[in-house]
file protein.txt (compact mmCIF, N, CA and C atoms)
# COMPACT_ATOMS: atom_id res chain seq x y z
N LYS A 1 3.00 -9.90 28.28
CA LYS A 1 3.16 -10.64 27.04
C LYS A 1 1.90 -10.48 26.21
N VAL A 2 2.09 -10.36 24.90
CA VAL A 2 0.97 -10.25 23.96
C VAL A 2 0.93 -11.50 23.09
N ASP A 3 -0.24 -11.80 22.55
CA ASP A 3 -0.39 -12.98 21.70
C ASP A 3 0.08 -12.76 20.28
N VAL A 4 -0.12 -11.55 19.76
CA VAL A 4 0.25 -11.24 18.38
C VAL A 4 0.42 -9.73 18.25
N LEU A 5 1.28 -9.30 17.33
CA LEU A 5 1.44 -7.88 17.01
C LEU A 5 0.88 -7.64 15.61
N VAL A 6 0.03 -6.64 15.47
CA VAL A 6 -0.46 -6.21 14.16
C VAL A 6 0.19 -4.86 13.91
N VAL A 7 0.98 -4.78 12.83
CA VAL A 7 1.82 -3.60 12.60
C VAL A 7 1.53 -3.00 11.24
N GLN A 8 1.28 -1.69 11.23
CA GLN A 8 1.23 -0.95 9.97
C GLN A 8 2.51 -0.13 9.94
N SER A 9 3.47 -0.66 9.23
CA SER A 9 4.83 -0.11 9.23
C SER A 9 4.90 1.19 8.43
N VAL A 10 5.83 2.06 8.81
CA VAL A 10 6.02 3.32 8.09
C VAL A 10 6.80 3.12 6.80
N GLY A 11 7.47 2.00 6.67
CA GLY A 11 8.23 1.70 5.46
C GLY A 11 8.54 0.23 5.39
N ALA A 12 8.79 -0.23 4.18
CA ALA A 12 9.03 -1.65 3.96
C ALA A 12 10.27 -2.15 4.69
N ASP A 13 11.26 -1.29 4.87
CA ASP A 13 12.51 -1.72 5.51
C ASP A 13 12.42 -1.77 7.04
N ALA A 14 11.39 -1.19 7.62
CA ALA A 14 11.25 -1.17 9.07
C ALA A 14 10.85 -2.53 9.64
N ALA A 15 10.47 -3.46 8.79
CA ALA A 15 10.00 -4.77 9.25
C ALA A 15 11.08 -5.53 10.01
N SER A 16 12.33 -5.45 9.56
CA SER A 16 13.39 -6.22 10.22
C SER A 16 13.55 -5.78 11.67
N GLN A 17 13.44 -4.48 11.94
CA GLN A 17 13.53 -3.99 13.33
C GLN A 17 12.36 -4.53 14.15
N THR A 18 11.19 -4.53 13.58
CA THR A 18 10.00 -5.03 14.28
C THR A 18 10.17 -6.50 14.61
N LEU A 19 10.68 -7.28 13.65
CA LEU A 19 10.87 -8.71 13.87
C LEU A 19 11.92 -8.97 14.96
N GLN A 20 12.96 -8.15 15.02
CA GLN A 20 13.98 -8.30 16.05
C GLN A 20 13.39 -8.04 17.44
N ILE A 21 12.53 -7.06 17.53
CA ILE A 21 11.90 -6.71 18.81
C ILE A 21 10.87 -7.76 19.21
N ALA A 22 10.14 -8.28 18.25
CA ALA A 22 9.04 -9.21 18.52
C ALA A 22 9.55 -10.57 19.01
N VAL A 23 10.75 -10.94 18.64
CA VAL A 23 11.38 -12.21 18.99
C VAL A 23 10.48 -13.39 18.61
N GLU A 24 9.76 -13.97 19.56
CA GLU A 24 8.92 -15.14 19.27
C GLU A 24 7.43 -14.80 19.14
N THR A 25 7.09 -13.54 19.26
CA THR A 25 5.69 -13.13 19.13
C THR A 25 5.33 -13.06 17.65
N PRO A 26 4.23 -13.70 17.24
CA PRO A 26 3.81 -13.62 15.83
C PRO A 26 3.51 -12.17 15.43
N VAL A 27 3.87 -11.83 14.19
CA VAL A 27 3.67 -10.47 13.69
C VAL A 27 2.86 -10.54 12.40
N ILE A 28 1.87 -9.65 12.29
CA ILE A 28 1.09 -9.49 11.06
C ILE A 28 1.31 -8.06 10.58
N PHE A 29 1.87 -7.91 9.38
CA PHE A 29 2.07 -6.58 8.79
C PHE A 29 0.87 -6.28 7.91
N ILE A 30 0.39 -5.03 7.98
CA ILE A 30 -0.73 -4.62 7.13
C ILE A 30 -0.33 -3.38 6.35
N GLY A 31 -0.91 -3.23 5.17
CA GLY A 31 -0.72 -2.02 4.38
C GLY A 31 0.55 -2.00 3.54
N THR A 32 1.70 -1.93 4.16
CA THR A 32 2.99 -1.87 3.46
C THR A 32 3.67 -3.22 3.54
N GLU A 33 3.90 -3.83 2.38
CA GLU A 33 4.53 -5.15 2.35
C GLU A 33 6.00 -5.03 2.73
N PRO A 34 6.42 -5.74 3.76
CA PRO A 34 7.82 -5.64 4.20
C PRO A 34 8.77 -6.30 3.21
N THR A 35 10.02 -5.83 3.20
CA THR A 35 11.02 -6.43 2.33
C THR A 35 11.46 -7.78 2.88
N GLU A 36 11.28 -7.97 4.18
CA GLU A 36 11.66 -9.22 4.84
C GLU A 36 10.48 -9.67 5.70
N LEU A 37 10.03 -10.91 5.51
CA LEU A 37 8.89 -11.40 6.28
C LEU A 37 9.29 -12.28 7.45
N GLY A 38 10.32 -13.06 7.31
CA GLY A 38 10.70 -13.98 8.38
C GLY A 38 9.54 -14.88 8.74
N ASN A 39 9.18 -14.95 10.00
CA ASN A 39 8.04 -15.75 10.46
C ASN A 39 6.76 -14.93 10.54
N ALA A 40 6.73 -13.80 9.88
CA ALA A 40 5.57 -12.91 9.94
C ALA A 40 4.63 -13.16 8.77
N TYR A 41 3.50 -12.48 8.81
CA TYR A 41 2.50 -12.58 7.75
C TYR A 41 2.23 -11.18 7.22
N TYR A 42 1.77 -11.10 5.97
CA TYR A 42 1.43 -9.81 5.36
C TYR A 42 -0.01 -9.87 4.87
N VAL A 43 -0.78 -8.86 5.22
CA VAL A 43 -2.15 -8.73 4.74
C VAL A 43 -2.23 -7.39 4.01
N GLY A 44 -2.54 -7.44 2.74
CA GLY A 44 -2.62 -6.20 1.96
C GLY A 44 -2.99 -6.52 0.54
N CYS A 45 -2.84 -5.53 -0.32
CA CYS A 45 -3.20 -5.72 -1.72
C CYS A 45 -1.97 -5.54 -2.60
N ASP A 46 -2.10 -6.00 -3.81
CA ASP A 46 -1.07 -5.80 -4.82
C ASP A 46 -1.19 -4.35 -5.30
N ALA A 47 -0.16 -3.55 -5.12
CA ALA A 47 -0.22 -2.12 -5.45
C ALA A 47 -0.52 -1.89 -6.93
N SER A 48 0.01 -2.72 -7.82
CA SER A 48 -0.27 -2.56 -9.25
C SER A 48 -1.74 -2.81 -9.53
N GLN A 49 -2.29 -3.84 -8.91
CA GLN A 49 -3.70 -4.15 -9.09
C GLN A 49 -4.56 -3.01 -8.53
N GLN A 50 -4.16 -2.45 -7.44
CA GLN A 50 -4.89 -1.33 -6.85
C GLN A 50 -4.95 -0.16 -7.82
N GLY A 51 -3.85 0.14 -8.49
CA GLY A 51 -3.83 1.22 -9.48
C GLY A 51 -4.75 0.95 -10.65
N VAL A 52 -4.79 -0.29 -11.11
CA VAL A 52 -5.69 -0.67 -12.21
C VAL A 52 -7.15 -0.47 -11.79
N VAL A 53 -7.49 -0.92 -10.59
CA VAL A 53 -8.86 -0.77 -10.09
C VAL A 53 -9.23 0.71 -9.97
N GLN A 54 -8.30 1.52 -9.49
CA GLN A 54 -8.58 2.96 -9.37
C GLN A 54 -8.82 3.58 -10.74
N ALA A 55 -8.02 3.19 -11.73
CA ALA A 55 -8.21 3.71 -13.09
C ALA A 55 -9.55 3.27 -13.67
N GLN A 56 -9.95 2.01 -13.41
CA GLN A 56 -11.24 1.54 -13.89
C GLN A 56 -12.38 2.30 -13.24
N MET A 57 -12.25 2.59 -11.96
CA MET A 57 -13.29 3.36 -11.27
C MET A 57 -13.38 4.77 -11.85
N LEU A 58 -12.24 5.39 -12.11
CA LEU A 58 -12.23 6.72 -12.68
C LEU A 58 -12.89 6.71 -14.06
N GLN A 59 -12.58 5.67 -14.85
CA GLN A 59 -13.16 5.56 -16.17
C GLN A 59 -14.69 5.42 -16.09
N SER A 60 -15.17 4.61 -15.15
CA SER A 60 -16.61 4.39 -15.04
C SER A 60 -17.35 5.63 -14.52
N PHE A 61 -16.67 6.49 -13.78
CA PHE A 61 -17.29 7.70 -13.25
C PHE A 61 -16.86 8.94 -14.00
N PHE A 62 -16.31 8.78 -15.22
CA PHE A 62 -15.75 9.91 -15.96
C PHE A 62 -16.72 11.07 -16.07
N GLY A 63 -17.97 10.79 -16.40
CA GLY A 63 -18.95 11.86 -16.55
C GLY A 63 -19.10 12.68 -15.28
N LYS A 64 -19.04 12.03 -14.14
CA LYS A 64 -19.17 12.72 -12.86
C LYS A 64 -17.88 13.43 -12.47
N ALA A 65 -16.75 12.94 -12.98
CA ALA A 65 -15.45 13.51 -12.59
C ALA A 65 -15.09 14.75 -13.40
N ASP A 66 -15.73 14.93 -14.56
CA ASP A 66 -15.44 16.08 -15.42
C ASP A 66 -16.20 17.29 -14.90
N ILE A 67 -15.69 17.89 -13.83
CA ILE A 67 -16.45 18.92 -13.14
C ILE A 67 -16.54 20.25 -13.89
N ASN A 68 -15.61 20.54 -14.82
CA ASN A 68 -15.67 21.81 -15.53
C ASN A 68 -16.10 21.65 -16.99
N GLY A 69 -16.50 20.44 -17.39
CA GLY A 69 -17.06 20.22 -18.73
C GLY A 69 -16.08 20.26 -19.88
N ASP A 70 -14.79 20.17 -19.63
CA ASP A 70 -13.82 20.23 -20.74
C ASP A 70 -13.43 18.85 -21.27
N ARG A 71 -14.16 17.81 -20.83
CA ARG A 71 -13.93 16.42 -21.22
C ARG A 71 -12.56 15.91 -20.78
N LEU A 72 -12.00 16.54 -19.77
CA LEU A 72 -10.74 16.10 -19.18
C LEU A 72 -10.95 15.91 -17.68
N VAL A 73 -10.22 14.99 -17.12
CA VAL A 73 -10.26 14.81 -15.67
C VAL A 73 -8.95 15.36 -15.12
N ASP A 74 -9.07 16.40 -14.33
CA ASP A 74 -7.89 16.99 -13.71
C ASP A 74 -7.54 16.17 -12.48
N TYR A 75 -6.26 15.88 -12.30
CA TYR A 75 -5.85 15.06 -11.17
C TYR A 75 -4.47 15.47 -10.70
N MET A 76 -4.15 15.05 -9.51
CA MET A 76 -2.84 15.27 -8.95
C MET A 76 -2.33 13.91 -8.49
N THR A 77 -1.07 13.64 -8.71
CA THR A 77 -0.48 12.39 -8.25
C THR A 77 0.72 12.70 -7.38
N SER A 78 0.99 11.83 -6.46
CA SER A 78 2.15 12.03 -5.61
C SER A 78 2.91 10.72 -5.50
N SER A 79 4.12 10.81 -5.05
CA SER A 79 4.98 9.63 -4.96
C SER A 79 5.08 9.17 -3.51
N GLY A 80 5.08 7.86 -3.33
CA GLY A 80 5.24 7.29 -2.00
C GLY A 80 6.70 7.01 -1.71
N PRO A 81 6.97 6.16 -0.74
CA PRO A 81 8.35 5.85 -0.38
C PRO A 81 9.11 5.21 -1.55
N GLU A 82 10.39 5.51 -1.67
CA GLU A 82 11.19 5.00 -2.77
C GLU A 82 11.27 3.48 -2.81
N GLU A 83 11.17 2.82 -1.63
CA GLU A 83 11.30 1.36 -1.62
C GLU A 83 10.07 0.65 -2.16
N VAL A 84 8.99 1.41 -2.39
CA VAL A 84 7.79 0.81 -2.97
C VAL A 84 7.91 0.96 -4.48
N PRO A 85 8.05 -0.15 -5.23
CA PRO A 85 8.33 -0.09 -6.66
C PRO A 85 7.34 0.75 -7.46
N VAL A 86 6.07 0.69 -7.13
CA VAL A 86 5.06 1.40 -7.90
C VAL A 86 5.20 2.91 -7.76
N SER A 87 5.76 3.38 -6.67
CA SER A 87 5.86 4.83 -6.46
C SER A 87 7.02 5.44 -7.23
N ARG A 88 7.86 4.62 -7.84
CA ARG A 88 8.97 5.16 -8.65
C ARG A 88 8.53 5.27 -10.09
N VAL A 89 7.66 6.25 -10.38
CA VAL A 89 7.09 6.42 -11.72
C VAL A 89 7.64 7.66 -12.36
call {"tool": "encode", "arguments": {"input": "protein.txt", "output": "structure tokens"}}
result
Amino acid sequence: KVDVLVVQSVGADAASQTLQIAVETPVIFIGTEPTELGNAYYVGCDASQQGVVQAQMLQSFFGKADINGDRLVDYMTSSGPEEVPVSRV
């Protein structure tokens, strides 16, 4: 028997399976906010706020980020899981 489960889930929908397996064991989800919490807890950040902070950091380091001197910052973006609202851009 364990006292608590700390889970970094692969997707928001996987939480319900974890909760079914955990039964009465307390569960703490980290990183990906589950769609269903039940008696569990979530520790993480607001994804929208995280994006704002990243943009502010990029803005403050713009001079250092412009590596080829064209006054543009070249970047690549990727999409996360579809169930995460912020990744549907």
call {"tool": "atom_distance", "arguments": {"input": "protein.txt", "atom1": "atom CA of Leu5 of chain A", "atom2": "atom CA of Gln50 of chain A"}}
result
25.5 Å
call {"tool": "closest_residue", "arguments": {"input": "protein.txt", "among": "A:Gly11, A:Asp3, A:Gln17, A:Met57", "to": "Glu33 of chain A", "atoms": "all atoms listed in the file"}}
result
A:Gly11
call {"tool": "closest_residue", "arguments": {"input": "protein.txt", "among": "A:Cys45, A:Val6, A:Ala14, A:Val53", "to": "Phe29 of chain A", "atoms": "all atoms listed in the file"}}
result
A:Val6
call {"tool": "residues_around", "arguments": {"input": "protein.txt", "residues": "Val7 of chain A", "least_positions_apart": "2", "cutoff": "7 Å", "atoms": "all atoms listed in the file", "output": "PDB file with N, CA and C atoms, keeping the file's coordinate frame"}}
result
ATOM      1  N   LEU A   5       1.280  -9.300  17.330  1.00  0.00           N
ATOM      2  CA  LEU A   5       1.440  -7.880  17.010  1.00  0.00           C
ATOM      3  C   LEU A   5       0.880  -7.640  15.610  1.00  0.00           C
ATOM      4  N   SER A   9       3.470  -0.660   9.230  1.00  0.00           N
ATOM      5  CA  SER A   9       4.830  -0.110   9.230  1.00  0.00           C
ATOM      6  C   SER A   9       4.900   1.190   8.430  1.00  0.00           C
ATOM      7  N   VAL A  27       3.870 -11.830  14.190  1.00  0.00           N
ATOM      8  CA  VAL A  27       3.670 -10.470  13.690  1.00  0.00           C
ATOM      9  C   VAL A  27       2.860 -10.540  12.400  1.00  0.00           C
ATOM     10  N   ILE A  28       1.870  -9.650  12.290  1.00  0.00           N
ATOM     11  CA  ILE A  28       1.090  -9.490  11.060  1.00  0.00           C
ATOM     12  C   ILE A  28       1.310  -8.060  10.580  1.00  0.00           C
ATOM     13  N   PHE A  29       1.870  -7.910   9.380  1.00  0.00           N
ATOM     14  CA  PHE A  29       2.070  -6.580   8.790  1.00  0.00           C
ATOM     15  C   PHE A  29       0.870  -6.280   7.910  1.00  0.00           C
ATOM     16  N   ILE A  30       0.390  -5.030   7.980  1.00  0.00           N
ATOM     17  CA  ILE A  30      -0.730  -4.620   7.130  1.00  0.00           C
ATOM     18  C   ILE A  30      -0.330  -3.380   6.350  1.00  0.00           C
ATOM     19  N   GLY A  31      -0.910  -3.230   5.170  1.00  0.00           N
ATOM     20  CA  GLY A  31      -0.720  -2.020   4.380  1.00  0.00           C
ATOM     21  C   GLY A  31       0.550  -2.000   3.540  1.00  0.00           C
TER      22      GLY A  31
END
call {"tool": "atom_distance", "arguments": {"input": "protein.txt", "atom1": "atom CA of Glu36 of chain A", "atom2": "atom CA of Ser16 of chain A"}}
result
6.4 Å
call {"tool": "residues_around", "arguments": {"input": "protein.txt", "residues": "Thr25 of chain A", "least_positions_apart": "6", "cutoff": "8 Å", "atoms": "all atoms listed in the file", "output": "short mmCIF file (atom, residue, chain, number, x, y, z; two decimals) with N, CA and C atoms, in the coordinates of the input"}}
result
data_model
loop_
_atom_site.label_atom_id
_atom_site.label_comp_id
_atom_site.auth_asym_id
_atom_site.auth_seq_id
_atom_site.Cartn_x
_atom_site.Cartn_y
_atom_site.Cartn_z
N VAL A 2 2.09 -10.36 24.90
CA VAL A 2 0.97 -10.25 23.96
C VAL A 2 0.93 -11.50 23.09
N ASP A 3 -0.24 -11.80 22.55
CA ASP A 3 -0.39 -12.98 21.70
C ASP A 3 0.08 -12.76 20.28
N VAL A 4 -0.12 -11.55 19.76
CA VAL A 4 0.25 -11.24 18.38
C VAL A 4 0.42 -9.73 18.25
N LEU A 5 1.28 -9.30 17.33
CA LEU A 5 1.44 -7.88 17.01
C LEU A 5 0.88 -7.64 15.61
N LEU A 19 10.68 -7.28 13.65
CA LEU A 19 10.87 -8.71 13.87
C LEU A 19 11.92 -8.97 14.96
N ASN A 39 9.18 -14.95 10.00
CA ASN A 39 8.04 -15.75 10.46
C ASN A 39 6.76 -14.93 10.54
N ALA A 40 6.73 -13.80 9.88
CA ALA A 40 5.57 -12.91 9.94
C ALA A 40 4.63 -13.16 8.77
#
call {"tool": "atom_distance", "arguments": {"input": "protein.txt", "atom1": "atom CA of Glu24 of chain A", "atom2": "atom CA of Leu37 of chain A"}}
result
13.5 Å
call {"tool": "axis_aligned_box", "arguments": {"input": "protein.txt", "around": "segment 36-45 of chain A", "padding_each_side": "5 Å", "output": "JSON"}}
result
{"center_x": 4.2, "center_y": -10.6, "center_z": 4.0, "size_x": 24.9, "size_y": 20.2, "size_z": 23.1}
